[in-house]
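> One structure, pasted below without further comment.
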Amino acid sequence: MDAVKIKCSKCGAIISRIPDVGNPWLDAGIVSYSTLQYRTNRKYWEKWFPAELVCESLPGQFRNWFYAMLAMSTIMEGKPPFKVCFGYGLVLGEDGREMHKSWGNAIDFDEAAETMGADVMRWMYCTRRPETNLPFGYTRANEIRRRFLIPLWNIYSFFTTYANLDKWTPKNMIEYDSLSLLDRWILSKLNILIKYVTERLDDFDPYNAAVAIERFVEELSTWYVRRSRRRFWKSEKDEDKNAAYTTLYTCLTTLAKILAPFIPFTSEEIYQNLVRSVDPKAPESVHHNAWPKPDEKAIDEELIADMDLAIKVCGLGRSARSRSGIKLRQPLSSVTVIADKKVLSRIERLRDLIMDELNVKDIRLSTEKEEVLRYLIKPRPQILGRKYGRLLPKIQEAIERMEVKDLADSLNNGKSVTLRIEGKSIELLPEDVEVLTLPKEGYSVAEEDEILVAVDVRVTEDLRKEGFARDIVRRIQNQRKEAGFKIADWIETYYEAGPELSTVFEEYREYIANETLSREIRKSKPPKNAYVATYRIGGETLTVGVVKAKD
């Protein structure tokens, strides 16, 4: 460039490049002074200096802009030019390489915003640790949508569907004292979430804030809404139903405000429908609302601990059922929980919830594992045979005659046991045998952290019929959806079945009718306009036809 000479357009003199030119980032580094009237209006400069936040990609800026600003300000004023400096990794292609059109891994912003949605993109950024690079693409976007946005929207859709059917509005909200333990639990979680997200955002930490929100939405969906679903099907004047509406409405409207900085468009849609549509005097936008404040009185740490314990017990119970191959829809007679007295006293508080979740008629609490477990002592022939040779069969016989529990306790505690065989003293060591713990006949067990849950898996004839009735309900409910009926539509149900399923229909007619909104249940061939499906249940063929009932 220095070989190219240019004449000045005014004076005709030859122009040359100034020999000393610094990196342009040095000029950017003085921006804290050059654009804030440092030399001409010191009062104005003091108002804006230092900056609250500087945010840029770490790999490209920490040695350039970040360092240049810090070095310049150290020289000029002896203090940092920013209060917080937030650096983050690079956005790469989904294949982990830098984006290049020639490589085919580049995605334009407009294309991404149109295809995956701006809120999906924002949540993708927020839920990635900022110090790591982000592989950006549609596969990850679909995962984000499936993991968080869809569950959140499903909760919102569930609420609006039933609230519209019941014409429920926030005017019907009830006081905290009338809420159930399940309601109070999720509101405790909500207020803890408000506190935590506020602290994280105050500390410029969107990642941990977003992760906490995601965890709360999962608990709201998989535990609160799932456990409360039937409460929304009750009669309109039921107080427990109103409590469920009050709680879920509070969670959704508060979530909309918390999520506003993260996913502004989704939160605005939820806010407009849940708040503005019923209260025109409310702030015009979710973004005009004050930031939520936690209600300390609504936080019940003891209840949270108890519910966490109940969730754990239910998880073990489901695991025990799964091991036996019995589906959760099949009612069972009882579940036994074995733990220490302190744990059992906490479980007692939520026994009805546990019974309902595990679909059992009763729950028994005990500290004694022997109620559901049995011990089996198996000699190790390779060890005892080498020690005592021909006496091995006699040793086996002696072990079988002993009290199994006492023997198992001694050996499990590392103690030896003395046997008398043919006038000789035989010392039985813990390593000489294998002590097996097995569930008693009719039980399936699961154990973790000193909590053992045993499910009685013996299915009586009555339980079997009730299980068939629940299976029938599930099939008819799915059939309603496939037929295109609305949730509130009443139907007429026609069926053809073998003798056992016909008996189930007769004995559980009222239950099946209430669960499926069937005004009539008839044992006859379905009419021509019916939506018909055929199933195989309990070894019998069942044909069901459904039609919309006349108003």
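Residues in the structure tokens are named by chain (A, B, ... in the order shown) and by number from 1 within that chain; ligands are numbered from 1 in the order shown.
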Can you pull out the residues contacting Asp300 (chain A)? Cut-off 12 Å, using only C-alpha atoms, and skip same-chain residues under 5 positions away; I want them as a PDB file with N, CA and C atoms, in the first residue's frame.

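See result.pdb below for the written result:
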```pdb
ATOM      1  N   LEU A 181     -52.385 -30.276  50.331  1.00  0.00           N
ATOM      2  CA  LEU A 181     -50.932 -30.402  50.529  1.00  0.00           C
ATOM      3  C   LEU A 181     -50.185 -30.373  49.205  1.00  0.00           C
ATOM      4  N   LEU A 182     -50.775 -30.984  48.179  1.00  0.00           N
ATOM      5  CA  LEU A 182     -50.147 -30.975  46.860  1.00  0.00           C
ATOM      6  C   LEU A 182     -50.063 -29.555  46.310  1.00  0.00           C
ATOM      7  N   ASP A 183     -51.128 -28.776  46.499  1.00  0.00           N
ATOM      8  CA  ASP A 183     -51.123 -27.377  46.061  1.00  0.00           C
ATOM      9  C   ASP A 183     -50.048 -26.583  46.801  1.00  0.00           C
ATOM     10  N   ARG A 184     -49.999 -26.759  48.104  1.00  0.00           N
ATOM     11  CA  ARG A 184     -49.036 -25.999  48.904  1.00  0.00           C
ATOM     12  C   ARG A 184     -47.601 -26.383  48.563  1.00  0.00           C
ATOM     13  N   TRP A 185     -47.423 -27.644  48.201  1.00  0.00           N
ATOM     14  CA  TRP A 185     -46.075 -28.094  47.812  1.00  0.00           C
ATOM     15  C   TRP A 185     -45.585 -27.378  46.567  1.00  0.00           C
ATOM     16  N   ILE A 186     -46.414 -27.336  45.521  1.00  0.00           N
ATOM     17  CA  ILE A 186     -45.958 -26.720  44.272  1.00  0.00           C
ATOM     18  C   ILE A 186     -45.822 -25.209  44.439  1.00  0.00           C
ATOM     19  N   LEU A 187     -46.647 -24.590  45.301  1.00  0.00           N
ATOM     20  CA  LEU A 187     -46.501 -23.147  45.544  1.00  0.00           C
ATOM     21  C   LEU A 187     -45.239 -22.864  46.356  1.00  0.00           C
ATOM     22  N   SER A 188     -44.875 -23.792  47.237  1.00  0.00           N
ATOM     23  CA  SER A 188     -43.587 -23.658  47.945  1.00  0.00           C
ATOM     24  C   SER A 188     -42.448 -23.691  46.943  1.00  0.00           C
ATOM     25  N   LYS A 189     -42.515 -24.646  46.023  1.00  0.00           N
ATOM     26  CA  LYS A 189     -41.496 -24.755  44.975  1.00  0.00           C
ATOM     27  C   LYS A 189     -41.463 -23.493  44.112  1.00  0.00           C
ATOM     28  N   LEU A 190     -42.641 -22.948  43.811  1.00  0.00           N
ATOM     29  CA  LEU A 190     -42.721 -21.747  42.974  1.00  0.00           C
ATOM     30  C   LEU A 190     -42.040 -20.556  43.641  1.00  0.00           C
ATOM     31  N   ASN A 191     -42.292 -20.369  44.918  1.00  0.00           N
ATOM     32  CA  ASN A 191     -41.706 -19.216  45.607  1.00  0.00           C
ATOM     33  C   ASN A 191     -40.202 -19.383  45.811  1.00  0.00           C
ATOM     34  N   ILE A 192     -39.757 -20.608  46.006  1.00  0.00           N
ATOM     35  CA  ILE A 192     -38.312 -20.859  46.044  1.00  0.00           C
ATOM     36  C   ILE A 192     -37.697 -20.559  44.685  1.00  0.00           C
ATOM     37  N   ASP A 295     -43.191 -15.104  48.274  1.00  0.00           N
ATOM     38  CA  ASP A 295     -43.984 -15.075  49.499  1.00  0.00           C
ATOM     39  C   ASP A 295     -43.342 -16.062  50.473  1.00  0.00           C
ATOM     40  N   ALA A 305     -39.705 -31.533  51.764  1.00  0.00           N
ATOM     41  CA  ALA A 305     -38.933 -32.734  52.103  1.00  0.00           C
ATOM     42  C   ALA A 305     -39.841 -33.965  52.147  1.00  0.00           C
ATOM     43  N   ASP A 306     -41.040 -33.808  52.705  1.00  0.00           N
ATOM     44  CA  ASP A 306     -41.975 -34.923  52.784  1.00  0.00           C
ATOM     45  C   ASP A 306     -42.431 -35.357  51.391  1.00  0.00           C
ATOM     46  N   MET A 307     -42.703 -34.383  50.523  1.00  0.00           N
ATOM     47  CA  MET A 307     -43.157 -34.713  49.174  1.00  0.00           C
ATOM     48  C   MET A 307     -42.035 -35.374  48.375  1.00  0.00           C
TER      49      MET A 307
END
```
> Among region 46-226 of chain A, which residues does DSSP mark as strand (DSSP E or B) when it is run on the backbone? Keep the chain and numbering as in the structure and answer as a PDB file with all heavy atoms, in the first residue's frame.

```
ATOM      1  N   ALA A  51     -19.525   1.003  33.090  1.00  0.00           N
ATOM      2  CA  ALA A  51     -20.660   0.308  32.484  1.00  0.00           C
ATOM      3  C   ALA A  51     -21.152  -0.797  33.414  1.00  0.00           C
ATOM      4  O   ALA A  51     -20.354  -1.447  34.095  1.00  0.00           O
ATOM      5  CB  ALA A  51     -20.260  -0.273  31.134  1.00  0.00           C
ATOM      6  N   GLU A  52     -22.476  -1.001  33.453  1.00  0.00           N
ATOM      7  CA  GLU A  52     -23.048  -2.071  34.278  1.00  0.00           C
ATOM      8  C   GLU A  52     -22.634  -3.446  33.759  1.00  0.00           C
ATOM      9  O   GLU A  52     -22.345  -4.351  34.532  1.00  0.00           O
ATOM     10  CB  GLU A  52     -24.573  -1.976  34.288  1.00  0.00           C
ATOM     11  CG  GLU A  52     -25.136  -0.778  35.024  1.00  0.00           C
ATOM     12  CD  GLU A  52     -24.977  -0.880  36.525  1.00  0.00           C
ATOM     13  OE1 GLU A  52     -24.895  -2.016  37.036  1.00  0.00           O
ATOM     14  OE2 GLU A  52     -24.905   0.170  37.189  1.00  0.00           O
ATOM     15  N   LEU A  53     -22.624  -3.604  32.442  1.00  0.00           N
ATOM     16  CA  LEU A  53     -22.378  -4.926  31.858  1.00  0.00           C
ATOM     17  C   LEU A  53     -21.725  -4.795  30.492  1.00  0.00           C
ATOM     18  O   LEU A  53     -22.162  -4.007  29.662  1.00  0.00           O
ATOM     19  CB  LEU A  53     -23.693  -5.705  31.711  1.00  0.00           C
ATOM     20  CG  LEU A  53     -23.657  -7.021  30.931  1.00  0.00           C
ATOM     21  CD1 LEU A  53     -22.852  -8.075  31.681  1.00  0.00           C
ATOM     22  CD2 LEU A  53     -25.065  -7.530  30.634  1.00  0.00           C
ATOM     23  N   VAL A  54     -20.679  -5.557  30.293  1.00  0.00           N
ATOM     24  CA  VAL A  54     -20.076  -5.731  28.974  1.00  0.00           C
ATOM     25  C   VAL A  54     -20.225  -7.205  28.621  1.00  0.00           C
ATOM     26  O   VAL A  54     -19.851  -8.079  29.402  1.00  0.00           O
ATOM     27  CB  VAL A  54     -18.593  -5.316  28.969  1.00  0.00           C
ATOM     28  CG1 VAL A  54     -17.927  -5.772  27.680  1.00  0.00           C
ATOM     29  CG2 VAL A  54     -18.464  -3.812  29.116  1.00  0.00           C
ATOM     30  N   CYS A  55     -20.803  -7.474  27.456  1.00  0.00           N
ATOM     31  CA  CYS A  55     -21.120  -8.853  27.087  1.00  0.00           C
ATOM     32  C   CYS A  55     -20.700  -9.104  25.645  1.00  0.00           C
ATOM     33  O   CYS A  55     -21.191  -8.443  24.728  1.00  0.00           O
ATOM     34  CB  CYS A  55     -22.625  -9.079  27.252  1.00  0.00           C
ATOM     35  SG  CYS A  55     -23.199 -10.713  26.762  1.00  0.00           S
ATOM     36  N   GLU A  56     -19.782 -10.035  25.468  1.00  0.00           N
ATOM     37  CA  GLU A  56     -19.285 -10.377  24.131  1.00  0.00           C
ATOM     38  C   GLU A  56     -18.707 -11.780  24.147  1.00  0.00           C
ATOM     39  O   GLU A  56     -18.431 -12.341  25.196  1.00  0.00           O
ATOM     40  CB  GLU A  56     -18.205  -9.387  23.676  1.00  0.00           C
ATOM     41  CG  GLU A  56     -18.714  -8.288  22.761  1.00  0.00           C
ATOM     42  CD  GLU A  56     -18.959  -8.772  21.347  1.00  0.00           C
ATOM     43  OE1 GLU A  56     -18.826  -9.987  21.086  1.00  0.00           O
ATOM     44  OE2 GLU A  56     -19.301  -7.932  20.490  1.00  0.00           O
ATOM     45  N   SER A  57     -18.494 -12.343  22.971  1.00  0.00           N
ATOM     46  CA  SER A  57     -17.896 -13.662  22.850  1.00  0.00           C
ATOM     47  C   SER A  57     -16.479 -13.657  23.409  1.00  0.00           C
ATOM     48  O   SER A  57     -15.661 -12.825  23.023  1.00  0.00           O
ATOM     49  CB  SER A  57     -17.879 -14.093  21.385  1.00  0.00           C
ATOM     50  OG  SER A  57     -17.184 -15.308  21.249  1.00  0.00           O
ATOM     51  N   PHE A  82     -15.885  -1.383  33.694  1.00  0.00           N
ATOM     52  CA  PHE A  82     -17.160  -2.098  33.739  1.00  0.00           C
ATOM     53  C   PHE A  82     -17.302  -2.797  35.082  1.00  0.00           C
ATOM     54  O   PHE A  82     -16.325  -3.167  35.718  1.00  0.00           O
ATOM     55  CB  PHE A  82     -17.277  -3.128  32.611  1.00  0.00           C
ATOM     56  CG  PHE A  82     -15.992  -3.860  32.310  1.00  0.00           C
ATOM     57  CD1 PHE A  82     -15.474  -4.792  33.191  1.00  0.00           C
ATOM     58  CD2 PHE A  82     -15.291  -3.595  31.134  1.00  0.00           C
ATOM     59  CE1 PHE A  82     -14.290  -5.458  32.910  1.00  0.00           C
ATOM     60  CE2 PHE A  82     -14.117  -4.258  30.846  1.00  0.00           C
ATOM     61  CZ  PHE A  82     -13.608  -5.189  31.734  1.00  0.00           C
ATOM     62  N   LYS A  83     -18.556  -2.961  35.523  1.00  0.00           N
ATOM     63  CA  LYS A  83     -18.822  -3.668  36.772  1.00  0.00           C
ATOM     64  C   LYS A  83     -18.837  -5.176  36.554  1.00  0.00           C
ATOM     65  O   LYS A  83     -18.399  -5.931  37.413  1.00  0.00           O
ATOM     66  CB  LYS A  83     -20.168  -3.214  37.353  1.00  0.00           C
ATOM     67  CG  LYS A  83     -20.190  -1.762  37.808  1.00  0.00           C
ATOM     68  CD  LYS A  83     -21.556  -1.398  38.376  1.00  0.00           C
ATOM     69  CE  LYS A  83     -21.600   0.052  38.804  1.00  0.00           C
ATOM     70  NZ  LYS A  83     -22.936   0.444  39.321  1.00  0.00           N
ATOM     71  N   VAL A  84     -19.391  -5.587  35.422  1.00  0.00           N
ATOM     72  CA  VAL A  84     -19.476  -7.010  35.093  1.00  0.00           C
ATOM     73  C   VAL A  84     -19.022  -7.203  33.654  1.00  0.00           C
ATOM     74  O   VAL A  84     -19.459  -6.475  32.761  1.00  0.00           O
ATOM     75  CB  VAL A  84     -20.917  -7.550  35.255  1.00  0.00           C
ATOM     76  CG1 VAL A  84     -20.994  -9.014  34.808  1.00  0.00           C
ATOM     77  CG2 VAL A  84     -21.397  -7.406  36.685  1.00  0.00           C
ATOM     78  N   CYS A  85     -18.145  -8.176  33.456  1.00  0.00           N
ATOM     79  CA  CYS A  85     -17.703  -8.550  32.112  1.00  0.00           C
ATOM     80  C   CYS A  85     -18.123 -10.002  31.871  1.00  0.00           C
ATOM     81  O   CYS A  85     -17.647 -10.907  32.563  1.00  0.00           O
ATOM     82  CB  CYS A  85     -16.193  -8.397  31.970  1.00  0.00           C
ATOM     83  SG  CYS A  85     -15.573  -8.806  30.323  1.00  0.00           S
ATOM     84  N   PHE A  86     -19.039 -10.204  30.943  1.00  0.00           N
ATOM     85  CA  PHE A  86     -19.604 -11.531  30.704  1.00  0.00           C
ATOM     86  C   PHE A  86     -19.149 -12.033  29.333  1.00  0.00           C
ATOM     87  O   PHE A  86     -19.504 -11.464  28.299  1.00  0.00           O
ATOM     88  CB  PHE A  86     -21.133 -11.468  30.765  1.00  0.00           C
ATOM     89  CG  PHE A  86     -21.811 -12.802  30.667  1.00  0.00           C
ATOM     90  CD1 PHE A  86     -21.957 -13.609  31.789  1.00  0.00           C
ATOM     91  CD2 PHE A  86     -22.300 -13.256  29.458  1.00  0.00           C
ATOM     92  CE1 PHE A  86     -22.589 -14.837  31.703  1.00  0.00           C
ATOM     93  CE2 PHE A  86     -22.937 -14.490  29.362  1.00  0.00           C
ATOM     94  CZ  PHE A  86     -23.078 -15.285  30.489  1.00  0.00           C
ATOM     95  N   GLY A  87     -18.345 -13.079  29.321  1.00  0.00           N
ATOM     96  CA  GLY A  87     -17.882 -13.666  28.067  1.00  0.00           C
ATOM     97  C   GLY A  87     -18.472 -15.043  27.865  1.00  0.00           C
ATOM     98  O   GLY A  87     -18.753 -15.761  28.825  1.00  0.00           O
ATOM     99  N   TYR A  88     -18.691 -15.412  26.624  1.00  0.00           N
ATOM    100  CA  TYR A  88     -19.282 -16.714  26.329  1.00  0.00           C
ATOM    101  C   TYR A  88     -18.589 -17.337  25.126  1.00  0.00           C
ATOM    102  O   TYR A  88     -17.835 -16.682  24.405  1.00  0.00           O
ATOM    103  CB  TYR A  88     -20.783 -16.592  26.070  1.00  0.00           C
ATOM    104  CG  TYR A  88     -21.153 -15.525  25.081  1.00  0.00           C
ATOM    105  CD1 TYR A  88     -21.160 -15.780  23.717  1.00  0.00           C
ATOM    106  CD2 TYR A  88     -21.486 -14.237  25.508  1.00  0.00           C
ATOM    107  CE1 TYR A  88     -21.488 -14.805  22.800  1.00  0.00           C
ATOM    108  CE2 TYR A  88     -21.804 -13.245  24.601  1.00  0.00           C
ATOM    109  CZ  TYR A  88     -21.814 -13.528  23.247  1.00  0.00           C
ATOM    110  OH  TYR A  88     -22.131 -12.554  22.339  1.00  0.00           O
ATOM    111  N   VAL A  91     -20.694 -19.841  18.777  1.00  0.00           N
ATOM    112  CA  VAL A  91     -21.782 -20.589  18.159  1.00  0.00           C
ATOM    113  C   VAL A  91     -21.205 -21.289  16.934  1.00  0.00           C
ATOM    114  O   VAL A  91     -20.717 -20.641  16.007  1.00  0.00           O
ATOM    115  CB  VAL A  91     -22.946 -19.669  17.757  1.00  0.00           C
ATOM    116  CG1 VAL A  91     -24.008 -20.459  16.993  1.00  0.00           C
ATOM    117  CG2 VAL A  91     -23.564 -19.021  18.981  1.00  0.00           C
ATOM    118  N   LEU A  92     -21.245 -22.612  16.958  1.00  0.00           N
ATOM    119  CA  LEU A  92     -20.669 -23.411  15.872  1.00  0.00           C
ATOM    120  C   LEU A  92     -21.782 -24.119  15.103  1.00  0.00           C
ATOM    121  O   LEU A  92     -22.939 -24.102  15.508  1.00  0.00           O
ATOM    122  CB  LEU A  92     -19.702 -24.454  16.450  1.00  0.00           C
ATOM    123  CG  LEU A  92     -18.561 -23.930  17.309  1.00  0.00           C
ATOM    124  CD1 LEU A  92     -17.776 -25.093  17.907  1.00  0.00           C
ATOM    125  CD2 LEU A  92     -17.634 -23.008  16.521  1.00  0.00           C
ATOM    126  N   GLY A  93     -21.418 -24.732  14.016  1.00  0.00           N
ATOM    127  CA  GLY A  93     -22.365 -25.566  13.301  1.00  0.00           C
ATOM    128  C   GLY A  93     -22.703 -26.796  14.124  1.00  0.00           C
ATOM    129  O   GLY A  93     -21.983 -27.153  15.069  1.00  0.00           O
ATOM    130  N   LEU A 134     -21.405 -23.599  21.552  1.00  0.00           N
ATOM    131  CA  LEU A 134     -22.753 -24.100  21.313  1.00  0.00           C
ATOM    132  C   LEU A 134     -22.875 -24.668  19.904  1.00  0.00           C
ATOM    133  O   LEU A 134     -22.796 -23.927  18.917  1.00  0.00           O
ATOM    134  CB  LEU A 134     -23.776 -22.971  21.485  1.00  0.00           C
ATOM    135  CG  LEU A 134     -25.210 -23.285  21.048  1.00  0.00           C
ATOM    136  CD1 LEU A 134     -25.797 -24.393  21.898  1.00  0.00           C
ATOM    137  CD2 LEU A 134     -26.081 -22.038  21.104  1.00  0.00           C
ATOM    138  N   PRO A 135     -23.056 -25.987  19.756  1.00  0.00           N
ATOM    139  CA  PRO A 135     -23.350 -26.565  18.434  1.00  0.00           C
ATOM    140  C   PRO A 135     -24.794 -26.213  18.071  1.00  0.00           C
ATOM    141  O   PRO A 135     -25.727 -26.726  18.676  1.00  0.00           O
ATOM    142  CB  PRO A 135     -23.181 -28.072  18.637  1.00  0.00           C
ATOM    143  CG  PRO A 135     -22.555 -28.228  19.999  1.00  0.00           C
ATOM    144  CD  PRO A 135     -22.938 -27.028  20.787  1.00  0.00           C
ATOM    145  N   PHE A 136     -24.986 -25.336  17.110  1.00  0.00           N
ATOM    146  CA  PHE A 136     -26.296 -24.773  16.789  1.00  0.00           C
ATOM    147  C   PHE A 136     -26.900 -25.482  15.587  1.00  0.00           C
ATOM    148  O   PHE A 136     -26.239 -25.626  14.556  1.00  0.00           O
ATOM    149  CB  PHE A 136     -26.143 -23.274  16.481  1.00  0.00           C
ATOM    150  CG  PHE A 136     -27.436 -22.564  16.246  1.00  0.00           C
ATOM    151  CD1 PHE A 136     -28.117 -21.990  17.296  1.00  0.00           C
ATOM    152  CD2 PHE A 136     -27.970 -22.477  14.970  1.00  0.00           C
ATOM    153  CE1 PHE A 136     -29.317 -21.326  17.082  1.00  0.00           C
ATOM    154  CE2 PHE A 136     -29.169 -21.832  14.747  1.00  0.00           C
ATOM    155  CZ  PHE A 136     -29.845 -21.250  15.802  1.00  0.00           C
TER     156      PHE A 136
END
```
> Which of region 173-342 of chain A end up as alpha helix (DSSP H) when DSSP is run on this backbone - answer as a ChimeraX atom specification?
/A:181-202,206-219,226-228,239-259,264-271,301-324,341-342
> Take the selection from the previous step and output its residues with C-alpha atoms, as an mmCIF file, in the first residue's frame.

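Listed below is the output, out_2.cif:
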```cif
data_model
loop_
_atom_site.group_PDB
_atom_site.id
_atom_site.type_symbol
_atom_site.label_atom_id
_atom_site.label_comp_id
_atom_site.auth_asym_id
_atom_site.auth_seq_id
_atom_site.Cartn_x
_atom_site.Cartn_y
_atom_site.Cartn_z
ATOM 1 C CA LEU A 181 -50.932 -30.402 50.529
ATOM 2 C CA LEU A 182 -50.147 -30.975 46.860
ATOM 3 C CA ASP A 183 -51.123 -27.377 46.061
ATOM 4 C CA ARG A 184 -49.036 -25.999 48.904
ATOM 5 C CA TRP A 185 -46.075 -28.094 47.812
ATOM 6 C CA ILE A 186 -45.958 -26.720 44.272
ATOM 7 C CA LEU A 187 -46.501 -23.147 45.544
ATOM 8 C CA SER A 188 -43.587 -23.658 47.945
ATOM 9 C CA LYS A 189 -41.496 -24.755 44.975
ATOM 10 C CA LEU A 190 -42.721 -21.747 42.974
ATOM 11 C CA ASN A 191 -41.706 -19.216 45.607
ATOM 12 C CA ILE A 192 -38.312 -20.859 46.044
ATOM 13 C CA LEU A 193 -37.933 -20.623 42.264
ATOM 14 C CA ILE A 194 -38.700 -16.884 42.338
ATOM 15 C CA LYS A 195 -35.989 -16.376 44.962
ATOM 16 C CA TYR A 196 -33.415 -18.466 43.131
ATOM 17 C CA VAL A 197 -34.013 -17.032 39.648
ATOM 18 C CA THR A 198 -33.876 -13.497 41.050
ATOM 19 C CA GLU A 199 -30.534 -14.223 42.730
ATOM 20 C CA ARG A 200 -29.093 -15.813 39.584
ATOM 21 C CA LEU A 201 -30.162 -12.992 37.299
ATOM 22 C CA ASP A 202 -28.863 -10.402 39.766
ATOM 23 C CA PRO A 206 -28.972 -16.891 33.101
ATOM 24 C CA TYR A 207 -27.785 -20.486 32.715
ATOM 25 C CA ASN A 208 -28.497 -21.676 36.265
ATOM 26 C CA ALA A 209 -31.694 -19.603 36.350
ATOM 27 C CA ALA A 210 -32.942 -21.327 33.172
ATOM 28 C CA VAL A 211 -31.986 -24.789 34.433
ATOM 29 C CA ALA A 212 -33.981 -24.162 37.645
ATOM 30 C CA ILE A 213 -37.027 -23.018 35.645
ATOM 31 C CA GLU A 214 -36.803 -26.108 33.454
ATOM 32 C CA ARG A 215 -36.661 -28.340 36.532
ATOM 33 C CA PHE A 216 -39.715 -26.608 38.030
ATOM 34 C CA VAL A 217 -41.748 -27.003 34.835
ATOM 35 C CA GLU A 218 -40.876 -30.704 34.800
ATOM 36 C CA GLU A 219 -42.112 -31.108 38.395
ATOM 37 C CA ARG A 226 -50.499 -35.472 36.599
ATOM 38 C CA ARG A 227 -51.507 -35.998 40.224
ATOM 39 C CA SER A 228 -54.175 -33.244 39.983
ATOM 40 C CA GLU A 239 -63.837 -26.725 46.397
ATOM 41 C CA ASP A 240 -60.891 -29.036 45.698
ATOM 42 C CA LYS A 241 -61.348 -28.403 41.985
ATOM 43 C CA ASN A 242 -61.280 -24.655 42.620
ATOM 44 C CA ALA A 243 -58.101 -25.120 44.668
ATOM 45 C CA ALA A 244 -56.453 -26.870 41.725
ATOM 46 C CA TYR A 245 -57.461 -24.047 39.354
ATOM 47 C CA THR A 246 -56.194 -21.423 41.798
ATOM 48 C CA THR A 247 -52.841 -23.153 42.184
ATOM 49 C CA LEU A 248 -52.215 -23.863 38.510
ATOM 50 C CA TYR A 249 -53.280 -20.350 37.501
ATOM 51 C CA THR A 250 -50.860 -18.876 40.025
ATOM 52 C CA CYS A 251 -48.027 -21.061 38.723
ATOM 53 C CA LEU A 252 -48.662 -20.228 35.054
ATOM 54 C CA THR A 253 -49.060 -16.465 35.480
ATOM 55 C CA THR A 254 -45.974 -16.267 37.689
ATOM 56 C CA LEU A 255 -44.000 -18.404 35.241
ATOM 57 C CA ALA A 256 -44.995 -16.043 32.416
ATOM 58 C CA LYS A 257 -43.423 -13.127 34.302
ATOM 59 C CA ILE A 258 -40.290 -15.069 35.257
ATOM 60 C CA LEU A 259 -39.858 -16.332 31.691
ATOM 61 C CA PRO A 264 -40.613 -13.099 25.510
ATOM 62 C CA PHE A 265 -43.046 -14.252 22.817
ATOM 63 C CA THR A 266 -44.325 -17.422 24.509
ATOM 64 C CA SER A 267 -44.637 -15.679 27.867
ATOM 65 C CA GLU A 268 -46.523 -12.797 26.222
ATOM 66 C CA GLU A 269 -49.005 -15.209 24.618
ATOM 67 C CA ILE A 270 -49.653 -16.943 27.960
ATOM 68 C CA TYR A 271 -49.990 -13.608 29.766
ATOM 69 C CA GLU A 301 -39.490 -26.682 53.605
ATOM 70 C CA GLU A 302 -40.823 -29.582 55.683
ATOM 71 C CA LEU A 303 -43.610 -30.257 53.188
ATOM 72 C CA ILE A 304 -41.097 -30.146 50.318
ATOM 73 C CA ALA A 305 -38.933 -32.734 52.103
ATOM 74 C CA ASP A 306 -41.975 -34.923 52.784
ATOM 75 C CA MET A 307 -43.157 -34.713 49.174
ATOM 76 C CA ASP A 308 -39.669 -35.539 47.891
ATOM 77 C CA LEU A 309 -39.804 -38.625 50.114
ATOM 78 C CA ALA A 310 -43.256 -39.557 48.797
ATOM 79 C CA ILE A 311 -42.041 -39.157 45.211
ATOM 80 C CA LYS A 312 -39.124 -41.461 46.022
ATOM 81 C CA VAL A 313 -41.416 -44.080 47.560
ATOM 82 C CA CYS A 314 -43.673 -43.910 44.496
ATOM 83 C CA GLY A 315 -40.669 -44.317 42.221
ATOM 84 C CA LEU A 316 -39.608 -47.443 44.117
ATOM 85 C CA GLY A 317 -43.175 -48.736 44.030
ATOM 86 C CA ARG A 318 -43.409 -48.255 40.274
ATOM 87 C CA SER A 319 -40.066 -50.012 39.896
ATOM 88 C CA ALA A 320 -41.324 -52.959 41.985
ATOM 89 C CA ARG A 321 -44.489 -53.175 39.882
ATOM 90 C CA SER A 322 -42.435 -53.023 36.688
ATOM 91 C CA ARG A 323 -40.232 -55.916 37.825
ATOM 92 C CA SER A 324 -43.300 -58.070 38.301
ATOM 93 C CA LYS A 341 -39.944 -44.618 62.353
ATOM 94 C CA LYS A 342 -38.981 -41.035 61.524
#
```
> Neighbouring residues of region 492-504 of chain A were defined as those with any atom within 10 Å, considering only C-alpha atoms; residues of the same chain fewer than 6 positions away were excluded. Please report them as a VMD selection string.
chain A and resid 462 464 to 469 472 476 512 to 513 516 to 527 530 to 550
> For region 372-374 of chain A, work out the shell of residues within 7 Å, counting only C-alpha atoms and skipping chain neighbours fewer than 4 positions away, then give it as a count of residues only.
6
